[in-house]
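Asker: I am sharing entry.cif, which consists of mmCIF, N, CA and C atoms, pLDDT in the B column; chains and numbers go by the auth columns:
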data_run
loop_
_atom_site.group_PDB
_atom_site.id
_atom_site.type_symbol
_atom_site.label_atom_id
_atom_site.label_comp_id
_atom_site.label_asym_id
_atom_site.label_seq_id
_atom_site.Cartn_x
_atom_site.Cartn_y
_atom_site.Cartn_z
_atom_site.B_iso_or_equiv
_atom_site.auth_seq_id
_atom_site.auth_asym_id
ATOM 1 N N MET A 1 84.804 144.771 81.356 95.00 1101 A
ATOM 2 C CA MET A 1 84.485 146.048 80.753 95.00 1101 A
ATOM 3 C C MET A 1 83.219 146.638 81.372 95.00 1101 A
ATOM 4 N N ILE A 2 82.282 145.787 81.722 96.00 1102 A
ATOM 5 C CA ILE A 2 81.037 146.277 82.321 96.00 1102 A
ATOM 6 C C ILE A 2 81.317 146.950 83.653 96.00 1102 A
ATOM 7 N N LEU A 3 82.133 146.316 84.470 96.00 1103 A
ATOM 8 C CA LEU A 3 82.447 146.884 85.783 96.00 1103 A
ATOM 9 C C LEU A 3 83.251 148.171 85.652 96.00 1103 A
ATOM 10 N N ASP A 4 84.195 148.205 84.710 97.00 1104 A
ATOM 11 C CA ASP A 4 84.973 149.426 84.472 97.00 1104 A
ATOM 12 C C ASP A 4 84.071 150.569 84.032 97.00 1104 A
ATOM 13 N N PHE A 5 83.128 150.282 83.141 97.00 1105 A
ATOM 14 C CA PHE A 5 82.196 151.302 82.669 97.00 1105 A
ATOM 15 C C PHE A 5 81.366 151.856 83.827 97.00 1105 A
ATOM 16 N N ALA A 6 80.887 150.967 84.697 97.00 1106 A
ATOM 17 C CA ALA A 6 80.071 151.391 85.837 97.00 1106 A
ATOM 18 C C ALA A 6 80.857 152.299 86.777 97.00 1106 A
ATOM 19 N N VAL A 7 82.121 151.969 87.005 95.00 1107 A
ATOM 20 C CA VAL A 7 82.954 152.782 87.897 95.00 1107 A
ATOM 21 C C VAL A 7 83.258 154.134 87.264 95.00 1107 A
ATOM 22 N N LYS A 8 83.652 154.144 86.002 97.00 1108 A
ATOM 23 C CA LYS A 8 84.012 155.394 85.322 97.00 1108 A
ATOM 24 C C LYS A 8 82.836 156.353 85.214 97.00 1108 A
ATOM 25 N N ASN A 9 81.619 155.816 85.102 97.00 1109 A
ATOM 26 C CA ASN A 9 80.431 156.654 84.937 97.00 1109 A
ATOM 27 C C ASN A 9 79.657 156.852 86.231 97.00 1109 A
ATOM 28 N N ASP A 10 80.235 156.417 87.358 97.00 1110 A
ATOM 29 C CA ASP A 10 79.652 156.604 88.686 97.00 1110 A
ATOM 30 C C ASP A 10 78.196 156.126 88.726 97.00 1110 A
ATOM 31 N N ASN A 11 77.956 154.912 88.210 97.00 1111 A
ATOM 32 C CA ASN A 11 76.610 154.354 88.199 97.00 1111 A
ATOM 33 C C ASN A 11 76.202 153.891 89.589 97.00 1111 A
ATOM 34 N N ASP A 12 74.884 153.894 89.849 97.00 1112 A
ATOM 35 C CA ASP A 12 74.348 153.459 91.135 97.00 1112 A
ATOM 36 C C ASP A 12 73.953 151.988 91.124 97.00 1112 A
ATOM 37 N N VAL A 13 73.644 151.454 89.931 98.00 1113 A
ATOM 38 C CA VAL A 13 73.204 150.071 89.808 98.00 1113 A
ATOM 39 C C VAL A 13 73.562 149.561 88.415 98.00 1113 A
ATOM 40 N N ILE A 14 73.779 148.262 88.299 96.00 1114 A
ATOM 41 C CA ILE A 14 74.019 147.629 87.004 96.00 1114 A
ATOM 42 C C ILE A 14 72.820 146.731 86.713 96.00 1114 A
ATOM 43 N N VAL A 15 72.227 146.882 85.552 96.00 1115 A
ATOM 44 C CA VAL A 15 71.132 146.012 85.111 96.00 1115 A
ATOM 45 C C VAL A 15 71.679 145.162 83.975 96.00 1115 A
ATOM 46 N N ILE A 16 71.577 143.831 84.121 91.00 1116 A
ATOM 47 C CA ILE A 16 72.162 142.926 83.144 91.00 1116 A
ATOM 48 C C ILE A 16 71.198 141.773 82.906 91.00 1116 A
ATOM 49 N N GLY A 17 71.199 141.262 81.699 88.00 1117 A
ATOM 50 C CA GLY A 17 70.343 140.142 81.353 88.00 1117 A
ATOM 51 C C GLY A 17 71.039 138.818 81.563 88.00 1117 A
ATOM 52 N N SER A 18 70.233 137.774 81.719 82.00 1118 A
ATOM 53 C CA SER A 18 70.747 136.421 81.868 82.00 1118 A
ATOM 54 C C SER A 18 70.009 135.513 80.902 82.00 1118 A
ATOM 55 N N ARG A 19 70.766 134.738 80.143 77.00 1119 A
ATOM 56 C CA ARG A 19 70.138 133.810 79.206 77.00 1119 A
ATOM 57 C C ARG A 19 69.682 132.543 79.894 77.00 1119 A
ATOM 58 N N GLY A 20 70.176 132.308 81.082 69.00 1120 A
ATOM 59 C CA GLY A 20 69.739 131.158 81.858 69.00 1120 A
ATOM 60 C C GLY A 20 70.179 129.819 81.298 69.00 1120 A
ATOM 61 N N LEU A 21 71.438 129.711 80.884 69.00 1121 A
ATOM 62 C CA LEU A 21 71.928 128.446 80.360 69.00 1121 A
ATOM 63 C C LEU A 21 71.925 127.361 81.434 69.00 1121 A
ATOM 64 N N GLY A 22 72.393 127.701 82.595 67.00 1122 A
ATOM 65 C CA GLY A 22 72.386 126.778 83.719 67.00 1122 A
ATOM 66 C C GLY A 22 73.286 125.570 83.521 67.00 1122 A
ATOM 67 N N GLY A 23 73.481 124.862 84.613 68.00 1123 A
ATOM 68 C CA GLY A 23 74.193 123.593 84.609 68.00 1123 A
ATOM 69 C C GLY A 23 75.563 123.613 83.977 68.00 1123 A
ATOM 70 N N ILE A 24 75.840 122.577 83.217 68.00 1124 A
ATOM 71 C CA ILE A 24 77.174 122.365 82.635 68.00 1124 A
ATOM 72 C C ILE A 24 77.498 123.422 81.589 68.00 1124 A
ATOM 73 N N ARG A 25 76.513 123.843 80.789 64.00 1125 A
ATOM 74 C CA ARG A 25 76.785 124.853 79.756 64.00 1125 A
ATOM 75 C C ARG A 25 77.293 126.144 80.367 64.00 1125 A
ATOM 76 N N GLU A 26 76.702 126.561 81.481 65.00 1126 A
ATOM 77 C CA GLU A 26 77.171 127.781 82.147 65.00 1126 A
ATOM 78 C C GLU A 26 78.576 127.572 82.695 65.00 1126 A
ATOM 79 N N PHE A 27 78.849 126.397 83.242 60.00 1127 A
ATOM 80 C CA PHE A 27 80.178 126.108 83.796 60.00 1127 A
ATOM 81 C C PHE A 27 81.242 126.148 82.702 60.00 1127 A
ATOM 82 N N VAL A 28 80.936 125.579 81.556 57.00 1128 A
ATOM 83 C CA VAL A 28 81.899 125.512 80.454 57.00 1128 A
ATOM 84 C C VAL A 28 82.054 126.871 79.782 57.00 1128 A
ATOM 85 N N LEU A 29 80.954 127.540 79.500 51.00 1129 A
ATOM 86 C CA LEU A 29 80.990 128.800 78.772 51.00 1129 A
ATOM 87 C C LEU A 29 81.253 129.991 79.687 51.00 1129 A
ATOM 88 N N GLY A 30 81.000 129.846 80.977 64.00 1130 A
ATOM 89 C CA GLY A 30 81.106 130.961 81.891 64.00 1130 A
ATOM 90 C C GLY A 30 79.835 131.777 81.838 64.00 1130 A
ATOM 91 N N SER A 31 79.653 132.648 82.769 83.00 1131 A
ATOM 92 C CA SER A 31 78.459 133.474 82.806 83.00 1131 A
ATOM 93 C C SER A 31 78.865 134.907 83.117 83.00 1131 A
ATOM 94 N N VAL A 32 78.626 135.771 82.168 87.00 1132 A
ATOM 95 C CA VAL A 32 78.974 137.186 82.361 87.00 1132 A
ATOM 96 C C VAL A 32 78.192 137.754 83.535 87.00 1132 A
ATOM 97 N N SER A 33 76.890 137.488 83.568 87.00 1133 A
ATOM 98 C CA SER A 33 76.068 138.038 84.647 87.00 1133 A
ATOM 99 C C SER A 33 76.531 137.522 86.014 87.00 1133 A
ATOM 100 N N HIS A 34 76.894 136.255 86.091 85.00 1134 A
ATOM 101 C CA HIS A 34 77.378 135.694 87.353 85.00 1134 A
ATOM 102 C C HIS A 34 78.665 136.389 87.796 85.00 1134 A
ATOM 103 N N ASN A 35 79.583 136.589 86.876 90.00 1135 A
ATOM 104 C CA ASN A 35 80.847 137.253 87.209 90.00 1135 A
ATOM 105 C C ASN A 35 80.625 138.704 87.618 90.00 1135 A
ATOM 106 N N VAL A 36 79.706 139.391 86.955 92.00 1136 A
ATOM 107 C CA VAL A 36 79.412 140.784 87.319 92.00 1136 A
ATOM 108 C C VAL A 36 78.853 140.828 88.740 92.00 1136 A
ATOM 109 N N VAL A 37 77.917 139.941 89.045 90.00 1137 A
ATOM 110 C CA VAL A 37 77.334 139.907 90.393 90.00 1137 A
ATOM 111 C C VAL A 37 78.407 139.645 91.444 90.00 1137 A
ATOM 112 N N GLN A 38 79.331 138.734 91.163 91.00 1138 A
ATOM 113 C CA GLN A 38 80.359 138.370 92.129 91.00 1138 A
ATOM 114 C C GLN A 38 81.383 139.469 92.372 91.00 1138 A
ATOM 115 N N HIS A 39 81.646 140.318 91.370 94.00 1139 A
ATOM 116 C CA HIS A 39 82.732 141.288 91.490 94.00 1139 A
ATOM 117 C C HIS A 39 82.288 142.749 91.606 94.00 1139 A
ATOM 118 N N ALA A 40 81.019 143.020 91.425 96.00 1140 A
ATOM 119 C CA ALA A 40 80.543 144.407 91.466 96.00 1140 A
ATOM 120 C C ALA A 40 80.532 144.938 92.898 96.00 1140 A
ATOM 121 N N ARG A 41 80.846 146.207 93.009 95.00 1141 A
ATOM 122 C CA ARG A 41 80.803 146.867 94.312 95.00 1141 A
ATOM 123 C C ARG A 41 79.531 147.700 94.470 95.00 1141 A
ATOM 124 N N ILE A 42 78.666 147.643 93.449 97.00 1142 A
ATOM 125 C CA ILE A 42 77.370 148.301 93.503 97.00 1142 A
ATOM 126 C C ILE A 42 76.298 147.244 93.249 97.00 1142 A
ATOM 127 N N PRO A 43 75.040 147.541 93.570 97.00 1143 A
ATOM 128 C CA PRO A 43 73.983 146.549 93.345 97.00 1143 A
ATOM 129 C C PRO A 43 73.860 146.158 91.876 97.00 1143 A
ATOM 130 N N VAL A 44 73.496 144.887 91.653 94.00 1144 A
ATOM 131 C CA VAL A 44 73.306 144.359 90.301 94.00 1144 A
ATOM 132 C C VAL A 44 71.925 143.736 90.232 94.00 1144 A
ATOM 133 N N LEU A 45 71.147 144.125 89.210 93.00 1145 A
ATOM 134 C CA LEU A 45 69.836 143.543 88.960 93.00 1145 A
ATOM 135 C C LEU A 45 69.958 142.654 87.725 93.00 1145 A
ATOM 136 N N VAL A 46 69.726 141.344 87.924 89.00 1146 A
ATOM 137 C CA VAL A 46 69.813 140.389 86.818 89.00 1146 A
ATOM 138 C C VAL A 46 68.395 140.104 86.346 89.00 1146 A
ATOM 139 N N VAL A 47 68.162 140.374 85.054 87.00 1147 A
ATOM 140 C CA VAL A 47 66.842 140.172 84.461 87.00 1147 A
ATOM 141 C C VAL A 47 66.887 138.929 83.601 87.00 1147 A
ATOM 142 N N LYS A 48 65.901 138.065 83.783 80.00 1148 A
ATOM 143 C CA LYS A 48 65.870 136.813 83.040 80.00 1148 A
ATOM 144 C C LYS A 48 64.850 136.874 81.935 80.00 1148 A
#
Represent the structure contained in this file as structure tokens.
Answerer:
Amino acid sequence: MILDFAVKNDNDVIVIGSRGLGGIREFVLGSVSHNVVQHARIPVLVVK
């Protein structure tokens, strides 16, 4: 939904927060910020 919103609104950058779970917890739960960074076609700023 984040990527769709960015495309529909012609955004120049996505700013997203990271809780910094790290390690196994991130692997099991997944990471929204990681997925956004991997799939975005515009720059992404991850704030910790």
Asker: When you look at segment 1111-1115 of chain A with a cut-off of 5 Å (counting only N, CA and C atoms), what residues show up, excluding the ones that are within fewer than 6 positions of it in the same chain? I need them as a ChimeraX atom specification.
Answerer: /A:1143-1145
Asker: Export N, CA and C atoms of the chosen residues as a JSON list (two decimals), in the frame of the given file?
Answerer:
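Wrote it out as again06.json, contents follow:
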[["chain", "number", "residue", "atom", "x", "y", "z"],
["A", 1143, "PRO", "N", 75.04, 147.54, 93.57],
["A", 1143, "PRO", "CA", 73.98, 146.55, 93.34],
["A", 1143, "PRO", "C", 73.86, 146.16, 91.88],
["A", 1144, "VAL", "N", 73.50, 144.89, 91.65],
["A", 1144, "VAL", "CA", 73.31, 144.36, 90.30],
["A", 1144, "VAL", "C", 71.92, 143.74, 90.23],
["A", 1145, "LEU", "N", 71.15, 144.12, 89.21],
["A", 1145, "LEU", "CA", 69.84, 143.54, 88.96],
["A", 1145, "LEU", "C", 69.96, 142.65, 87.72]]
Asker: Expand the PyMOL selection byres (((chain A and resi 1102 and name CA) around 10) and name CA) into the individual residues it matches in the shown file, reporting them as an mmCIF file with N, CA and C atoms, in the coordinates of the input.
Answerer:
data_model
loop_
_atom_site.group_PDB
_atom_site.id
_atom_site.type_symbol
_atom_site.label_atom_id
_atom_site.label_comp_id
_atom_site.auth_asym_id
_atom_site.auth_seq_id
_atom_site.Cartn_x
_atom_site.Cartn_y
_atom_site.Cartn_z
ATOM 1 N N MET A 1101 84.804 144.771 81.356
ATOM 2 C CA MET A 1101 84.485 146.048 80.753
ATOM 3 C C MET A 1101 83.219 146.638 81.372
ATOM 4 N N LEU A 1103 82.133 146.316 84.470
ATOM 5 C CA LEU A 1103 82.447 146.884 85.783
ATOM 6 C C LEU A 1103 83.251 148.171 85.652
ATOM 7 N N ASP A 1104 84.195 148.205 84.710
ATOM 8 C CA ASP A 1104 84.973 149.426 84.472
ATOM 9 C C ASP A 1104 84.071 150.569 84.032
ATOM 10 N N PHE A 1105 83.128 150.282 83.141
ATOM 11 C CA PHE A 1105 82.196 151.302 82.669
ATOM 12 C C PHE A 1105 81.366 151.856 83.827
ATOM 13 N N ALA A 1106 80.887 150.967 84.697
ATOM 14 C CA ALA A 1106 80.071 151.391 85.837
ATOM 15 C C ALA A 1106 80.857 152.299 86.777
ATOM 16 N N VAL A 1107 82.121 151.969 87.005
ATOM 17 C CA VAL A 1107 82.954 152.782 87.897
ATOM 18 C C VAL A 1107 83.258 154.134 87.264
ATOM 19 N N ILE A 1114 73.779 148.262 88.299
ATOM 20 C CA ILE A 1114 74.019 147.629 87.004
ATOM 21 C C ILE A 1114 72.820 146.731 86.713
ATOM 22 N N ILE A 1116 71.577 143.831 84.121
ATOM 23 C CA ILE A 1116 72.162 142.926 83.144
ATOM 24 C C ILE A 1116 71.198 141.773 82.906
ATOM 25 N N VAL A 1132 78.626 135.771 82.168
ATOM 26 C CA VAL A 1132 78.974 137.186 82.361
ATOM 27 C C VAL A 1132 78.192 137.754 83.535
ATOM 28 N N SER A 1133 76.890 137.488 83.568
ATOM 29 C CA SER A 1133 76.068 138.038 84.647
ATOM 30 C C SER A 1133 76.531 137.522 86.014
ATOM 31 N N VAL A 1136 79.706 139.391 86.955
ATOM 32 C CA VAL A 1136 79.412 140.784 87.319
ATOM 33 C C VAL A 1136 78.853 140.828 88.740
ATOM 34 N N ALA A 1140 81.019 143.020 91.425
ATOM 35 C CA ALA A 1140 80.543 144.407 91.466
ATOM 36 C C ALA A 1140 80.532 144.938 92.898
#
Asker: Please, what distance in Å, to one decimal, runs between atom N of Asn1135 of chain A and atom N of Asp1110 of chain A?
Answerer: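 About the pair atom N of Asn1135 of chain A and atom N of Asp1110 of chain A: they are 19.8 Å apart.
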Asker: Please evaluate the PyMOL selection byres ((chain A and resi 1118) around 5) against the structure above and give the resulting residues as a count of residues only.
Answerer: 6
